[in-house]
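Here is run-v9.txt, consisting of compact mmCIF, C-alpha atoms:
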# COMPACT_ATOMS: atom_id res chain seq x y z
CA MET A 1 83.02 93.79 107.48
CA GLU A 2 86.38 92.16 106.92
CA TYR A 3 88.84 91.85 109.79
CA THR A 4 92.57 91.29 109.98
CA MET A 5 95.22 91.02 112.66
CA LEU A 6 96.92 94.21 113.79
CA GLY A 7 100.49 93.54 112.69
CA ARG A 8 101.97 90.49 114.40
CA THR A 9 99.46 90.62 117.26
CA GLY A 10 96.44 88.42 117.82
CA LEU A 11 94.17 91.48 117.86
CA LYS A 12 91.46 91.58 115.19
CA VAL A 13 90.60 94.96 113.73
CA SER A 14 88.34 96.04 110.87
CA ARG A 15 89.89 96.68 107.46
CA LEU A 16 88.77 100.31 107.72
CA CYS A 17 89.72 102.45 110.70
CA LEU A 18 87.40 105.27 111.78
CA GLY A 19 89.38 108.50 112.02
CA THR A 20 87.90 111.07 114.39
CA MET A 21 89.90 114.21 113.64
CA ASN A 22 86.81 115.99 112.30
CA PHE A 23 84.84 115.44 115.51
CA GLY A 24 84.46 118.86 117.09
CA PRO A 25 86.04 121.20 114.50
CA GLN A 26 84.08 119.95 111.46
CA THR A 27 81.41 117.62 112.84
CA THR A 28 79.04 118.45 115.69
CA GLU A 29 78.95 116.27 118.79
CA PRO A 30 75.52 114.74 117.99
CA ASP A 31 76.63 114.00 114.43
CA SER A 32 79.89 112.51 115.77
CA TYR A 33 77.83 110.18 117.99
CA ALA A 34 75.75 109.15 114.98
CA ILE A 35 78.85 108.39 112.90
CA MET A 36 80.38 106.26 115.66
CA ASP A 37 77.11 104.37 116.14
CA ARG A 38 76.88 103.80 112.39
CA ALA A 39 80.49 102.57 112.33
CA LEU A 40 79.63 99.91 114.91
CA ASP A 41 76.53 98.98 112.89
CA HIS A 42 78.84 98.37 109.92
CA GLY A 43 81.21 96.27 112.05
CA ILE A 44 83.99 98.88 112.16
CA ASN A 45 85.65 98.24 115.51
CA PHE A 46 88.90 100.23 115.07
CA PHE A 47 88.72 103.91 116.11
CA ASP A 48 91.68 106.31 115.96
CA THR A 49 92.06 109.64 117.74
CA ALA A 50 94.73 111.80 119.44
CA ASP A 51 94.98 114.02 122.48
CA VAL A 52 95.54 117.12 120.30
CA TYR A 53 92.51 116.59 118.04
CA GLY A 54 89.98 119.36 118.37
CA TRP A 55 92.84 121.85 118.06
CA LYS A 56 92.11 123.70 121.31
CA ARG A 57 95.39 123.52 123.14
CA GLY A 58 95.32 121.21 126.12
CA GLU A 59 91.59 120.46 125.95
CA GLY A 60 91.50 117.18 124.03
CA VAL A 61 88.15 118.13 122.49
CA THR A 62 87.80 115.04 120.29
CA GLU A 63 88.77 112.65 123.07
CA GLN A 64 86.11 114.27 125.26
CA ILE A 65 83.46 113.73 122.59
CA ILE A 66 84.41 110.06 122.30
CA GLY A 67 84.39 109.74 126.10
CA ARG A 68 80.87 111.11 126.36
CA TRP A 69 79.80 108.72 123.60
CA PHE A 70 81.31 105.79 125.52
CA ALA A 71 79.47 106.98 128.66
CA GLN A 72 76.14 106.26 126.97
CA GLY A 73 76.86 102.58 127.52
CA GLY A 74 75.31 99.91 125.34
CA GLY A 75 78.64 98.09 125.02
CA ARG A 76 80.16 100.94 123.04
CA ARG A 77 83.52 100.87 124.80
CA GLU A 78 83.70 97.09 124.84
CA LYS A 79 83.17 96.88 121.06
CA VAL A 80 85.87 99.41 120.15
CA VAL A 81 89.60 98.87 119.67
CA LEU A 82 90.57 102.35 120.81
CA ALA A 83 93.73 104.05 119.55
CA THR A 84 94.94 107.44 120.68
CA LYS A 85 98.25 109.31 120.54
CA VAL A 86 100.79 111.14 122.67
CA TYR A 87 103.40 113.75 121.70
CA GLY A 88 101.60 116.98 120.84
CA ASP A 89 101.63 120.24 122.74
CA MET A 90 99.10 120.04 125.59
CA GLY A 91 100.10 123.04 127.74
CA ASP A 92 102.46 125.87 128.56
CA TRP A 93 104.97 124.04 130.73
CA PRO A 94 108.23 122.50 129.44
CA ASN A 95 107.10 118.86 129.90
CA ASP A 96 103.61 119.24 128.45
CA ASN A 97 104.67 117.72 125.14
CA ARG A 98 106.99 115.23 123.40
CA LEU A 99 108.03 111.81 124.77
CA SER A 100 109.70 112.17 128.12
CA ALA A 101 108.65 109.42 130.53
CA LEU A 102 106.98 112.13 132.61
CA HIS A 103 104.85 113.44 129.75
CA ILE A 104 103.94 109.96 128.49
CA ARG A 105 102.55 108.97 131.85
CA LYS A 106 100.80 112.32 132.49
CA ALA A 107 99.33 112.41 128.97
CA CYS A 108 98.02 108.85 129.29
CA GLU A 109 96.25 109.69 132.56
CA ALA A 110 94.70 112.77 130.94
CA SER A 111 93.53 110.81 127.89
CA LEU A 112 91.98 108.11 130.08
CA LYS A 113 90.04 110.75 131.97
CA ARG A 114 88.79 112.48 128.81
CA LEU A 115 87.91 109.18 127.13
CA GLN A 116 86.11 107.96 130.27
CA THR A 117 87.78 104.57 130.08
CA ASP A 118 90.13 102.49 132.23
CA TYR A 119 92.45 101.49 129.39
CA ILE A 120 93.63 102.37 125.89
CA ASP A 121 94.01 99.49 123.46
CA LEU A 122 96.66 101.11 121.27
CA TYR A 123 98.79 103.99 122.53
CA GLN A 124 100.70 105.58 119.67
CA MET A 125 103.59 108.02 119.61
CA HIS A 126 102.40 110.79 117.27
CA HIS A 127 105.91 111.60 116.04
CA VAL A 128 109.46 110.44 116.63
CA PHE A 129 111.29 112.27 119.45
CA ARG A 130 115.02 111.97 118.86
CA ASP A 131 116.05 113.57 122.17
CA ALA A 132 114.57 110.86 124.40
CA PRO A 133 116.41 107.51 124.61
CA TRP A 134 114.39 104.40 123.95
CA GLU A 135 115.28 103.13 127.42
CA GLU A 136 113.25 106.02 128.84
CA ILE A 137 110.35 105.73 126.41
CA TRP A 138 109.96 101.97 126.81
CA GLN A 139 110.26 102.22 130.58
CA ALA A 140 107.26 104.56 130.59
CA PHE A 141 105.23 102.34 128.25
CA ASP A 142 106.15 99.26 130.26
CA VAL A 143 104.85 100.85 133.45
CA LEU A 144 101.56 101.78 131.74
CA ILE A 145 101.15 98.24 130.43
CA GLN A 146 101.89 96.75 133.85
CA GLN A 147 99.30 99.10 135.35
CA GLY A 148 96.73 97.92 132.79
CA LYS A 149 96.31 101.40 131.31
CA ILE A 150 97.47 100.53 127.80
CA ILE A 151 97.74 97.23 125.93
CA TYR A 152 99.74 97.82 122.74
CA ALA A 153 102.30 100.42 121.62
CA GLY A 154 102.35 101.99 118.19
CA SER A 155 104.09 104.76 116.28
CA SER A 156 103.12 107.43 113.79
CA ASN A 157 105.27 109.42 111.38
CA PHE A 158 108.37 107.29 112.09
CA GLY A 159 111.09 106.52 109.58
CA GLY A 160 112.23 102.97 108.88
CA TRP A 161 115.36 103.54 110.98
CA HIS A 162 113.25 104.71 113.93
CA ILE A 163 111.11 101.57 113.75
CA ALA A 164 114.20 99.37 113.69
CA LYS A 165 115.87 101.21 116.56
CA ALA A 166 112.69 101.19 118.66
CA ASN A 167 112.05 97.49 118.24
CA GLU A 168 115.66 96.45 118.80
CA ALA A 169 115.62 98.43 122.06
CA ALA A 170 112.33 96.77 122.99
CA LYS A 171 113.75 93.34 122.23
CA ALA A 172 116.64 93.99 124.64
CA ARG A 173 114.05 94.68 127.35
CA HIS A 174 112.03 91.53 126.45
CA PHE A 175 109.27 93.95 125.52
CA MET A 176 106.95 93.56 122.52
CA GLY A 177 107.68 97.03 121.14
CA LEU A 178 105.84 98.65 118.25
CA VAL A 179 103.00 96.68 116.66
CA CYS A 180 101.93 99.25 114.06
CA GLU A 181 102.98 102.43 112.29
CA GLN A 182 100.61 105.16 111.13
CA SER A 183 102.01 106.91 108.06
CA LEU A 184 101.06 109.16 105.19
CA TYR A 185 100.36 106.69 102.39
CA ASN A 186 98.21 106.90 99.30
CA LEU A 187 98.55 106.42 95.55
CA ASN A 188 100.06 109.88 95.16
CA ALA A 189 102.30 109.70 98.26
CA ARG A 190 104.27 106.45 98.21
CA THR A 191 107.62 107.49 99.70
CA VAL A 192 107.14 105.11 102.64
CA GLU A 193 107.66 102.21 100.24
CA MET A 194 111.40 102.94 100.30
CA GLU A 195 112.10 102.47 104.02
CA VAL A 196 108.98 102.34 106.23
CA VAL A 197 107.10 99.57 104.43
CA PRO A 198 110.14 97.21 104.42
CA ALA A 199 110.71 97.93 108.13
CA CYS A 200 107.06 97.20 108.91
CA GLU A 201 107.21 93.95 106.97
CA ASP A 202 110.42 92.83 108.66
CA TYR A 203 109.34 93.69 112.22
CA GLY A 204 105.73 92.59 111.83
CA LEU A 205 104.08 96.00 112.12
CA GLY A 206 100.72 96.74 110.61
CA LEU A 207 100.66 99.91 108.50
CA ILE A 208 97.77 102.29 109.10
CA PRO A 209 97.67 104.87 106.29
CA TRP A 210 96.48 108.38 107.07
CA SER A 211 95.25 110.73 104.34
CA PRO A 212 94.36 107.78 102.06
CA LEU A 213 92.71 110.17 99.60
CA GLY A 214 95.55 112.68 99.58
CA GLY A 215 93.51 115.35 101.31
CA GLY A 216 90.73 114.86 98.75
CA LEU A 217 92.99 114.98 95.69
CA LEU A 218 92.16 111.36 94.82
CA GLY A 219 88.45 111.80 95.41
CA GLY A 220 87.44 112.89 91.91
CA VAL A 221 88.42 116.57 92.00
CA LEU A 222 88.35 117.04 88.21
CA SER A 223 84.75 115.92 87.86
CA GLY A 224 83.32 117.51 91.02
CA GLU A 225 82.57 121.04 92.10
CA LEU A 226 85.49 122.96 93.62
CA THR A 227 83.63 123.94 96.77
CA GLY A 228 84.57 123.73 100.45
CA ARG A 229 87.98 122.18 100.98
CA ARG A 230 88.19 121.38 97.27
CA GLY A 231 87.93 125.06 96.50
CA SER A 232 90.90 126.14 98.62
CA ASP A 233 93.88 127.77 96.96
CA HIS A 234 96.07 124.91 98.21
CA MET A 235 93.84 122.31 96.54
CA LYS A 236 93.62 124.25 93.30
CA LYS A 237 97.41 124.46 93.20
CA SER A 238 97.75 120.75 93.94
CA ILE A 239 95.27 119.88 91.19
CA GLU A 240 97.27 121.81 88.61
CA GLU A 241 100.55 120.29 89.79
CA ASN A 242 99.10 116.78 89.48
CA ARG A 243 96.76 117.21 86.52
CA SER A 244 98.85 114.94 84.28
CA LYS A 245 98.21 112.09 86.74
CA LEU A 246 94.68 113.01 87.77
CA GLU A 247 93.28 112.95 84.24
CA PRO A 248 94.26 109.31 83.48
CA TRP A 249 93.41 108.39 87.10
CA GLU A 250 89.85 109.61 86.91
CA ALA A 251 89.47 108.17 83.40
CA LEU A 252 90.54 104.73 84.69
CA CYS A 253 88.08 104.95 87.58
CA ALA A 254 85.31 105.85 85.13
CA GLU A 255 86.29 102.85 83.01
CA LEU A 256 86.00 100.66 86.11
CA GLY A 257 82.65 102.22 86.94
CA GLU A 258 83.81 103.13 90.44
CA ARG A 259 84.20 106.36 92.40
CA PRO A 260 87.83 107.51 92.58
CA ALA A 261 87.70 107.66 96.39
CA ASP A 262 86.64 104.02 96.56
CA VAL A 263 89.38 102.87 94.20
CA ALA A 264 92.00 104.81 96.17
CA LEU A 265 90.93 103.09 99.39
CA ALA A 266 90.69 99.71 97.66
CA TRP A 267 94.26 100.07 96.38
CA LEU A 268 95.52 100.53 99.94
CA VAL A 269 93.56 97.51 101.16
CA HIS A 270 95.32 95.49 98.42
CA GLN A 271 98.77 96.36 99.84
CA LYS A 272 99.86 93.40 101.98
CA VAL A 273 101.44 95.45 104.80
CA VAL A 274 98.36 97.66 105.23
CA THR A 275 96.10 96.82 108.15
CA ALA A 276 93.43 99.50 107.73
CA PRO A 277 93.31 102.87 105.97
CA ILE A 278 91.92 105.65 108.16
CA VAL A 279 88.68 107.11 106.86
CA GLY A 280 87.64 110.43 108.38
CA PRO A 281 83.99 110.96 107.46
CA ARG A 282 82.23 114.20 108.30
CA THR A 283 78.81 112.61 107.71
CA ASN A 284 77.15 109.21 107.89
CA GLU A 285 76.75 109.29 104.12
CA GLN A 286 80.51 109.57 103.66
CA LEU A 287 81.04 106.67 106.07
CA ASP A 288 78.54 104.48 104.22
CA GLU A 289 80.15 105.25 100.87
CA SER A 290 83.62 104.25 102.09
CA LEU A 291 82.53 100.63 102.61
CA ARG A 292 82.39 100.10 98.86
CA ALA A 293 86.21 100.01 98.88
CA LEU A 294 86.14 96.61 100.60
CA GLU A 295 84.10 95.12 97.76
CA ILE A 296 86.33 96.30 94.91
CA LYS A 297 88.81 93.71 93.65
CA LEU A 298 91.68 95.12 91.61
CA ASP A 299 93.31 92.60 89.29
CA ALA A 300 96.96 92.59 88.26
CA GLU A 301 96.24 94.55 85.08
CA VAL A 302 94.49 97.36 86.94
CA LEU A 303 97.17 97.46 89.63
CA ALA A 304 99.80 97.77 86.90
CA LYS A 305 97.88 100.66 85.30
CA LEU A 306 97.72 102.40 88.68
CA ASP A 307 101.47 101.97 89.10
CA GLY A 308 101.88 103.51 85.66
CA ILE A 309 99.88 106.58 86.65
CA PHE A 310 101.31 106.86 90.16
CA PRO A 311 104.80 105.31 90.08
CA GLY A 312 105.81 103.85 93.42
CA PHE A 313 109.18 103.18 94.99
CA LYS A 314 111.40 100.14 95.22
CA PRO A 315 112.81 99.37 98.69
CA SER A 316 116.07 101.13 99.48
CA PRO A 317 118.76 100.86 98.26
CA GLU A 318 117.49 99.29 95.04
CA HIS A 319 115.42 102.37 94.26
CA TYR A 320 118.54 104.53 93.85
CA ALA A 321 121.39 102.01 93.52
CA TRP A 322 122.16 99.12 91.23
Since I need it in another form, could you write the structure as structure tokens?
Amino acid sequence: MEYTMLGRTGLKVSRLCLGTMNFGPQTTEPDSYAIMDRALDHGINFFDTADVYGWKRGEGVTEQIIGRWFAQGGGRREKVVLATKVYGDMGDWPNDNRLSALHIRKACEASLKRLQTDYIDLYQMHHVFRDAPWEEIWQAFDVLIQQGKIIYAGSSNFGGWHIAKANEAAKARHFMGLVCEQSLYNLNARTVEMEVVPACEDYGLGLIPWSPLGGGLLGGVLSGELTGRRGSDHMKKSIEENRSKLEPWEALCAELGERPADVALAWLVHQKVVTAPIVGPRTNEQLDESLRALEIKLDAEVLAKLDGIFPGFKPSPEHYAW
């Protein structure tokens, strides 16, 4: 396994991050345990979850599964850099969601209990909340850090302006601020290159891409059977809308002798601001297969061909101005 620093921190994390969103809804608890054990066997030490995963309002199903896995001992908790998130709707009352100081502190306590741990390594805001001032948000995070309940703060689904505003407010408090941003980023979804990627580079944030395979679109949909999620009406529509890109994409992967999913992950690993793409395996086999991405080296010629198939964005304002 390869490791890198999480943004500008001294924290080492694996170049692939284990996403756990399938644990519970798609993957049984025993199979989830097996996937997490296999991840550790491979040297993957970076696990990502959220309080809303499991999609049963207020229950934190996925966090509970991870907590029961930690409770088995064997150094499981000590080996994992644990990331979870706060923001989503966790109840019926007015302050059971978003980023008030009250909800941040209550949600953290609830996550700690479900995860059966004393601390969270990386506590991420799942979405920007424009109605709460950064003075309030950072006060809540500062208290949690002082109490030893969280170590680092991160964001998810923020714009470049939000990252800048958050970290300038943190600087005024002599607070470290955001160390990473989790964004939608893949070969077919490169909008973050306009604003978010430059902000991450300037402020020293690691970028953690979610949906690195575009919901399966980049996983070889033209050559595989359209069953399961691939057979959904949404996927079929997306395939037709992107067929002009998917055909040369899959042809290039065939020329390279690599699976499209592995090349898509490898491309993200080649982006200098990316810390670790999130892989969300439903089985151990899928987890094992994802490791191939770390072995693939894409030269300048191949990277240029990929840019030709999936044009990216220049930083703003150069992308739309002279």
Report the distance between CA of Thr20 (chain A) and CA of Leu287 (chain A) in Å, rounded to one decimal place.
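Value for the CA of Thr20 (chain A)-CA of Leu287 (chain A) distance: 11.6 Å.
For the choices A:Pro212, A:Ser156, A:Gly220, A:Gly67, the atom-to-atom distance to Val196 (chain A) is smallest for A:Ser156 when using all atoms listed in the file.
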Under the rule that only C-alpha atoms are counted, which of A:Val13, A:Val279, A:Ala304, A:Leu99 is the nearest residue to Phe141 (chain A)?
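Among the listed residues, the smallest separation from Phe141 (chain A) belongs to A:Leu99.
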Using all atoms listed in the file for the distances, tell me which of A:Leu268, A:Leu187, A:Ala199, A:Met125 is nearest to Asp307 (chain A).
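For Asp307 (chain A), the nearest of the candidates is A:Leu187.
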Give, as AutoDock Vina command-line options, the centre coordinates and the x, y and z edge lengths in Å to one decimal for an axis-aligned box around all listed atoms of region 211-219 of chain A, padded by 5 Å on each side.
--center_x 92.0 --center_y 111.6 --center_z 99.6 --size_x 17.1 --size_y 17.6 --size_z 19.5
Which residue, A:Val274, A:Val143, A:Leu213, A:Leu18, has the smallest gap to Val192 (chain A) when you use only C-alpha atoms?
A:Val274
Best match for closeness to Cys17 (chain A) among A:Tyr87, A:Glu195, A:Leu256, A:Ile278, counting only C-alpha atoms:
A:Ile278
Determine, counting all atoms listed in the file, which protein, DNA and RNA residues have an atom within 8 Å of an atom of region 23-40 of chain A; residues of the same chain fewer than 3 positions away are not included. Present the result as an MDAnalysis selection string.
chainID A and resid 18 20 43:45 54:55 61:62 65:66 69 79 281:284 287
Please provide as a VMD selection string all residues within 6 Å of Leu122 (chain A), with the sequence filter that same-chain residues fewer than 4 positions apart are discarded (counting all atoms listed in the file).
chain A and resid 83 152 to 153
Export C-alpha atoms of the chosen residues as a short mmCIF file (atom, residue, chain, number, x, y, z; two decimals), in the coordinates of the input?
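File result-v2.cif, as written:
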data_model
loop_
_atom_site.label_atom_id
_atom_site.label_comp_id
_atom_site.auth_asym_id
_atom_site.auth_seq_id
_atom_site.Cartn_x
_atom_site.Cartn_y
_atom_site.Cartn_z
CA ALA A 83 93.73 104.05 119.55
CA TYR A 152 99.74 97.82 122.74
CA ALA A 153 102.30 100.42 121.62
#
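Across the model, the gap from CA of Gly91 (chain A) to CA of Lys56 (chain A) is 10.3 Å.
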Under the rule that only C-alpha atoms are counted, which of A:Tyr203, A:Ala172, A:Ala261, A:Cys180 is the nearest residue to Gly215 (chain A)?
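Going through A:Tyr203, A:Ala172, A:Ala261, A:Cys180 one by one, the smallest distance to Gly215 (chain A) is for A:Ala261.
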Kindly provide, as a count of residues only, the polymer residues lying within 12 Å of (101.1, 112.5, 85.1), counting all atoms listed in the file and using the coordinates exactly as they appear in the file.
19
Please compute the CA of Phe313 (chain A)-CA of Ala189 (chain A) distance, one decimal, in Å.
10.0 Å
Supply region 173-184 of chain A as a short mmCIF file (atom, residue, chain, number, x, y, z; two decimals), in the coordinates of the input, with N, CA and C atoms built in where the input has gaps.
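Generated output (part.cif):
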data_model
loop_
_atom_site.label_atom_id
_atom_site.label_comp_id
_atom_site.auth_asym_id
_atom_site.auth_seq_id
_atom_site.Cartn_x
_atom_site.Cartn_y
_atom_site.Cartn_z
N ARG A 173 114.79 94.61 126.09
CA ARG A 173 114.05 94.68 127.35
C ARG A 173 113.05 93.52 127.49
N HIS A 174 113.04 92.61 126.49
CA HIS A 174 112.03 91.53 126.45
C HIS A 174 110.63 92.13 126.42
N PHE A 175 110.51 93.19 125.62
CA PHE A 175 109.27 93.95 125.52
C PHE A 175 108.78 93.83 124.07
N MET A 176 107.48 93.80 123.85
CA MET A 176 106.95 93.56 122.52
C MET A 176 107.28 94.68 121.54
N GLY A 177 107.34 95.91 122.02
CA GLY A 177 107.68 97.03 121.14
C GLY A 177 106.52 97.47 120.27
N LEU A 178 106.85 98.10 119.15
CA LEU A 178 105.84 98.65 118.25
C LEU A 178 105.11 97.53 117.52
N VAL A 179 103.78 97.66 117.41
CA VAL A 179 103.00 96.68 116.66
C VAL A 179 102.40 97.28 115.40
N CYS A 180 102.47 98.62 115.27
CA CYS A 180 101.93 99.25 114.06
C CYS A 180 102.55 100.62 113.88
N GLU A 181 102.50 101.10 112.65
CA GLU A 181 102.98 102.43 112.29
C GLU A 181 101.89 103.12 111.48
N GLN A 182 101.60 104.36 111.84
CA GLN A 182 100.61 105.16 111.13
C GLN A 182 101.34 106.20 110.29
N SER A 183 101.23 106.07 108.97
CA SER A 183 102.01 106.91 108.06
C SER A 183 101.14 107.53 106.98
N LEU A 184 101.64 108.62 106.41
CA LEU A 184 101.06 109.16 105.19
C LEU A 184 101.30 108.16 104.07
#
